[in-house]
>>> print(open('query.txt').read())   # compact mmCIF, C-alpha atoms
# COMPACT_ATOMS: atom_id res chain seq x y z
CA MET A 153 68.68 129.05 147.83
CA LEU A 154 67.05 126.41 150.04
CA THR A 155 63.46 127.33 150.88
CA ARG A 156 62.04 124.57 153.11
CA ILE A 157 62.37 121.06 154.40
CA ASP A 158 60.79 119.27 151.45
CA HIS A 159 60.69 115.87 153.10
CA ILE A 160 62.28 113.46 155.49
CA GLY A 161 62.95 110.05 153.96
CA ILE A 162 62.25 107.03 156.17
CA ALA A 163 63.45 103.59 155.09
CA CYS A 164 61.13 100.71 155.96
CA PHE A 165 60.83 96.99 155.37
CA ASP A 166 57.04 96.99 154.79
CA LEU A 167 55.58 100.11 153.17
CA ASP A 168 51.93 99.20 153.74
CA LYS A 169 52.49 98.47 157.44
CA THR A 170 54.48 101.69 157.89
CA VAL A 171 51.83 103.78 156.09
CA GLU A 172 49.19 102.28 158.38
CA PHE A 173 51.26 103.22 161.45
CA TYR A 174 51.52 106.87 160.35
CA ARG A 175 47.81 106.94 159.42
CA ALA A 176 46.59 105.36 162.70
CA THR A 177 49.04 107.18 164.97
CA TYR A 178 49.21 110.68 163.48
CA GLY A 179 46.35 110.85 160.97
CA PHE A 180 48.70 111.35 158.00
CA GLU A 181 47.32 110.21 154.64
CA VAL A 182 49.13 109.18 151.49
CA PHE A 183 49.28 112.13 149.12
CA HIS A 184 51.20 110.29 146.39
CA SER A 185 52.67 106.83 145.84
CA GLU A 186 54.85 105.38 143.11
CA VAL A 187 57.54 102.89 142.23
CA ASN A 188 60.85 104.42 141.20
CA GLU A 189 62.54 101.68 139.17
CA GLU A 190 65.78 103.63 138.76
CA GLN A 191 66.21 103.91 142.53
CA GLY A 192 64.70 100.50 143.28
CA VAL A 193 62.05 101.72 145.73
CA ARG A 194 58.33 101.75 146.30
CA GLU A 195 57.38 104.93 148.09
CA ALA A 196 54.56 106.84 149.68
CA MET A 197 54.57 110.59 150.27
CA LEU A 198 52.55 111.65 153.31
CA LYS A 199 51.79 115.36 153.18
CA ILE A 200 52.37 117.16 156.45
CA ASN A 201 51.64 120.76 155.48
CA ASP A 202 51.77 123.38 152.76
CA THR A 203 54.61 125.90 152.79
CA SER A 204 54.77 129.62 152.11
CA ASP A 205 56.74 129.14 148.87
CA GLY A 206 53.94 127.11 147.25
CA GLY A 207 55.53 123.76 148.07
CA ALA A 208 54.80 121.33 150.86
CA SER A 209 56.53 119.25 153.49
CA TYR A 210 56.22 115.46 153.45
CA LEU A 211 57.34 112.26 155.05
CA GLN A 212 58.65 109.96 152.32
CA LEU A 213 58.37 106.27 153.22
CA LEU A 214 60.73 104.07 151.19
CA GLU A 215 60.57 100.29 150.75
CA PRO A 216 63.21 98.65 148.54
CA THR A 217 62.00 96.68 145.53
CA ARG A 218 65.28 94.86 144.97
CA PRO A 219 68.16 93.80 147.22
CA ASP A 220 70.81 95.79 145.33
CA SER A 221 69.06 99.16 145.78
CA THR A 222 70.67 101.84 147.93
CA VAL A 223 67.75 101.74 150.38
CA ALA A 224 67.94 97.93 150.72
CA LYS A 225 71.66 98.14 151.49
CA TRP A 226 71.01 100.93 153.98
CA LEU A 227 68.27 98.89 155.71
CA ASP A 228 70.59 95.86 155.95
CA LYS A 229 73.19 97.99 157.69
CA ASN A 230 71.00 100.30 159.82
CA GLY A 231 67.48 98.89 160.09
CA GLU A 232 64.39 101.02 159.73
CA GLY A 233 64.56 104.73 160.38
CA VAL A 234 65.45 108.15 159.03
CA HIS A 235 67.36 107.71 155.78
CA HIS A 236 67.77 111.30 154.58
CA ILE A 237 66.58 114.87 154.79
CA ALA A 238 65.58 116.80 151.67
CA PHE A 239 65.62 120.55 151.23
CA GLY A 240 63.45 122.28 148.64
CA THR A 241 64.98 124.69 146.17
CA ALA A 242 63.78 126.50 143.06
CA ASP A 243 67.08 125.67 141.30
CA VAL A 244 68.56 122.26 142.10
CA ASP A 245 71.23 122.69 139.40
CA GLY A 246 72.44 126.07 140.62
CA ASP A 247 72.30 125.24 144.32
CA ALA A 248 74.10 121.91 143.80
CA ALA A 249 76.85 123.75 141.88
CA ASP A 250 77.14 126.39 144.63
CA ILE A 251 77.35 123.75 147.35
CA LYS A 252 79.87 121.72 145.34
CA GLY A 253 81.97 124.88 145.09
CA LYS A 254 82.09 124.91 148.89
CA GLY A 255 83.74 121.48 148.92
CA VAL A 256 80.70 119.24 149.42
CA ARG A 257 80.51 116.19 147.16
CA VAL A 258 77.39 116.06 144.97
CA LEU A 259 76.49 112.45 144.20
CA TYR A 260 74.87 112.94 140.77
CA GLU A 261 76.57 114.87 137.98
CA GLU A 262 73.13 115.83 136.65
CA PRO A 263 69.93 115.89 138.71
CA ARG A 264 67.68 112.85 138.30
CA ARG A 265 63.94 112.29 138.38
CA GLY A 266 62.54 112.07 141.89
CA SER A 267 59.11 111.67 143.45
CA MET A 268 56.14 113.30 141.75
CA GLY A 269 58.25 114.40 138.77
CA SER A 270 60.73 116.41 140.85
CA ARG A 271 64.41 116.92 140.00
CA ILE A 272 66.83 115.74 142.68
CA THR A 273 70.44 115.25 143.66
CA PHE A 274 72.14 114.09 146.85
CA LEU A 275 75.04 115.41 148.89
CA HIS A 276 77.55 112.99 150.37
CA PRO A 277 76.78 112.27 154.05
CA LYS A 278 80.47 112.34 155.00
CA ASP A 279 80.54 116.00 153.93
CA CYS A 280 77.26 116.80 155.75
CA HIS A 281 78.06 115.61 159.28
CA GLY A 282 76.72 112.10 158.67
CA VAL A 283 73.43 113.17 157.10
CA LEU A 284 72.50 112.05 153.58
CA THR A 285 71.07 115.30 152.17
CA GLU A 286 68.86 115.64 149.12
CA LEU A 287 68.15 118.80 147.12
CA VAL A 288 64.73 118.88 145.44
CA THR A 289 63.12 121.09 142.83
CA SER A 290 59.47 120.11 142.89
CA ALA A 291 57.36 119.76 139.79
CA PRO A 292 54.08 121.68 139.89
CA VAL A 293 51.46 119.54 141.69
CA GLU A 294 47.88 120.11 140.65
CA SER A 295 46.18 117.27 142.49
CA PRO A 296 47.07 114.16 144.47
CA GLU A 297 48.01 111.04 142.52
CA HIS A 298 47.62 107.62 144.07
>>> encode(input="query.txt", output="structure tokens")
Amino acid sequence: MLTRIDHIGIACFDLDKTVEFYRATYGFEVFHSEVNEEQGVREAMLKINDTSDGGASYLQLLEPTRPDSTVAKWLDKNGEGVHHIAFGTADVDGDAADIKGKGVRVLYEEPRRGSMGSRITFLHPKDCHGVLTELVTSAPVESPEH
């Protein structure tokens, strides 16, 4: 089932400024960055460490690219901070179905494309003690993309 904390998503107003904070304060570097048009965000993945299952753990910094995106609405309501936690899994489809069978609402009927070519879905925060939870099956990563 779930094998690691894949990433912690942090919503921010200014991606470049937030990246610089994490670089200057903790020495974290951007491993990957992209714009996800479907989700309306510009993001940077800061790699924290490799994991024993061949994956990695990241901080995902998210800046909205449009005011109607989920992250923009969340920032308007909550301000900057932790947006979600993501757990890695080898089988996002199977694990989402298993969790749904336990009464937890899964927000996407079919997993969608996530960062770095991953497949993702979210679990409703009201069913997860107030925590927006993401399930992630990572795509194989051969080298950093910037």
>>> closest_residue(input="query.txt", among="A:Gly255, A:Asp158, A:His276, A:Leu287", to="Thr203 in chain A", atoms="only C-alpha atoms")
A:Asp158
>>> residues_around(input="query.txt", residues="Ser185 in chain A", least_positions_apart="6", cutoff="12 Å", atoms="only C-alpha atoms", output="PyMOL selection string")
chain A and resi 167-168+171+193-199+211-215+266-269+296-298
>>> closest_residue(input="query.txt", among="A:Asn201, A:Thr217, A:Leu284, A:Tyr210", to="Asp166 in chain A", atoms="only C-alpha atoms")
A:Thr217
>>> atom_distance(input="query.txt", atom1="CA of Leu227 in chain A", atom2="CA of Gly207 in chain A")
29.0 Å
>>> atom_distance(input="query.txt", atom1="CA of Gln191 in chain A", atom2="CA of Glu172 in chain A")
23.3 Å
>>> atom_distance(input="query.txt", atom1="CA of Ile162 in chain A", atom2="CA of Glu232 in chain A")
7.3 Å
>>> residues_near_point(input="query.txt", point="(69.3, 100.6, 145.1)", cutoff="6 Å", atoms="only C-alpha atoms", output="number ranges by chain")
A: 191-192, 220-223
>>> closest_residue(input="query.txt", among="A:Cys164, A:Asp243, A:Glu261, A:Ile237", to="Cys280 in chain A", atoms="all atoms listed in the file")
A:Ile237
>>> closest_residue(input="query.txt", among="A:Leu259, A:Asp250, A:Ile160, A:Phe165", to="Gly231 in chain A", atoms="all atoms listed in the file")
A:Phe165
>>> closest_residue(input="query.txt", among="A:Arg218, A:Arg156, A:His236, A:Arg271", to="Glu189 in chain A", atoms="all atoms listed in the file")
A:Arg218
>>> axis_aligned_box(input="query.txt", around="range 234-240 of chain A", padding_each_side="6 Å", output="lines of an AutoDock Vina configuration file")
center_x = 65.6
center_y = 115.0
center_z = 153.8
size_x = 16.3
size_y = 26.6
size_z = 22.4
>>> closest_residue(input="query.txt", among="A:Gly282, A:Pro216, A:Val256, A:Ser204", to="Ile157 in chain A", atoms="all atoms listed in the file")
A:Ser204
>>> residues_around(input="query.txt", residues="Ala248 in chain A", least_positions_apart="4", cutoff="7 Å", atoms="all atoms listed in the file", output="ChimeraX atom specification")
/A:244,252,258
>>> residues_near_point(input="query.txt", point="(64.5, 117.3, 148.9)", cutoff="6 Å", atoms="all atoms listed in the file", output="list in words")
Asp158, His159, Ala238, Phe239, Gly240, Glu286, Leu287 and Val288 of chain A
>>> build_atoms(input="query.txt", residues="range 175-186 of chain A", atoms="all heavy atoms", output="compact mmCIF listing (two decimals), keeping the file's coordinate frame")
# COMPACT_ATOMS: atom_id res chain seq x y z
N ARG A 175 49.23 106.58 159.54
CA ARG A 175 47.81 106.94 159.42
C ARG A 175 47.12 106.80 160.78
O ARG A 175 46.47 107.72 161.26
CB ARG A 175 47.13 106.04 158.39
CG ARG A 175 45.63 106.33 158.23
CD ARG A 175 44.96 105.42 157.21
NE ARG A 175 45.48 105.72 155.89
CZ ARG A 175 46.02 104.82 155.07
NH1 ARG A 175 46.13 103.56 155.41
NH2 ARG A 175 46.47 105.19 153.89
N ALA A 176 47.28 105.64 161.43
CA ALA A 176 46.59 105.36 162.70
C ALA A 176 47.12 106.22 163.84
O ALA A 176 46.36 106.66 164.70
CB ALA A 176 46.72 103.87 163.04
N THR A 177 48.42 106.47 163.86
CA THR A 177 49.04 107.18 164.97
C THR A 177 48.91 108.69 164.85
O THR A 177 48.61 109.38 165.83
CB THR A 177 50.52 106.78 165.10
OG1 THR A 177 50.61 105.36 165.19
CG2 THR A 177 51.16 107.41 166.32
N TYR A 178 49.15 109.23 163.67
CA TYR A 178 49.21 110.68 163.48
C TYR A 178 48.13 111.24 162.56
O TYR A 178 48.02 112.45 162.42
CB TYR A 178 50.57 111.08 162.91
CG TYR A 178 51.74 110.58 163.72
CD1 TYR A 178 52.62 109.66 163.17
CD2 TYR A 178 51.97 111.02 165.01
CE1 TYR A 178 53.71 109.19 163.90
CE2 TYR A 178 53.04 110.56 165.75
CZ TYR A 178 53.90 109.64 165.19
OH TYR A 178 54.97 109.17 165.91
N GLY A 179 47.39 110.38 161.88
CA GLY A 179 46.35 110.85 160.97
C GLY A 179 46.86 111.28 159.61
O GLY A 179 46.13 111.89 158.84
N PHE A 180 48.14 110.98 159.30
CA PHE A 180 48.70 111.35 158.00
C PHE A 180 48.17 110.42 156.92
O PHE A 180 48.10 109.21 157.11
CB PHE A 180 50.23 111.27 158.01
CG PHE A 180 50.90 112.21 158.98
CD1 PHE A 180 52.12 111.87 159.52
CD2 PHE A 180 50.33 113.42 159.34
CE1 PHE A 180 52.76 112.72 160.41
CE2 PHE A 180 50.96 114.27 160.23
CZ PHE A 180 52.19 113.92 160.77
N GLU A 181 47.83 110.99 155.78
CA GLU A 181 47.32 110.21 154.64
C GLU A 181 48.32 110.25 153.50
O GLU A 181 49.09 111.21 153.36
CB GLU A 181 45.97 110.77 154.17
CG GLU A 181 44.86 110.64 155.19
CD GLU A 181 44.45 109.20 155.49
OE1 GLU A 181 44.64 108.33 154.62
OE2 GLU A 181 43.96 108.96 156.60
N VAL A 182 48.26 109.24 152.67
CA VAL A 182 49.13 109.18 151.49
C VAL A 182 48.65 110.22 150.49
O VAL A 182 47.49 110.23 150.08
CB VAL A 182 49.11 107.77 150.86
CG1 VAL A 182 49.89 107.75 149.55
CG2 VAL A 182 49.67 106.75 151.84
N PHE A 183 49.55 111.10 150.12
CA PHE A 183 49.28 112.13 149.12
C PHE A 183 49.63 111.60 147.73
O PHE A 183 48.98 111.92 146.74
CB PHE A 183 50.10 113.39 149.43
CG PHE A 183 49.90 114.51 148.47
CD1 PHE A 183 48.78 115.32 148.54
CD2 PHE A 183 50.83 114.77 147.48
CE1 PHE A 183 48.59 116.36 147.65
CE2 PHE A 183 50.65 115.81 146.57
CZ PHE A 183 49.53 116.61 146.67
N HIS A 184 50.69 110.80 147.66
CA HIS A 184 51.20 110.29 146.39
C HIS A 184 51.96 108.99 146.66
O HIS A 184 52.64 108.88 147.68
CB HIS A 184 52.14 111.32 145.75
CG HIS A 184 52.80 110.85 144.50
ND1 HIS A 184 52.19 110.95 143.27
CD2 HIS A 184 53.99 110.26 144.28
CE1 HIS A 184 53.00 110.45 142.35
NE2 HIS A 184 54.11 110.03 142.94
N SER A 185 51.85 108.05 145.75
CA SER A 185 52.67 106.83 145.84
C SER A 185 53.13 106.46 144.45
O SER A 185 52.49 106.79 143.45
CB SER A 185 51.89 105.69 146.48
OG SER A 185 50.75 105.37 145.72
N GLU A 186 54.30 105.81 144.40
CA GLU A 186 54.85 105.38 143.11
C GLU A 186 55.96 104.38 143.33
O GLU A 186 56.45 104.22 144.44
CB GLU A 186 55.37 106.57 142.30
CG GLU A 186 56.61 107.24 142.88
CD GLU A 186 57.09 108.42 142.05
OE1 GLU A 186 56.57 109.55 142.24
OE2 GLU A 186 58.00 108.21 141.22
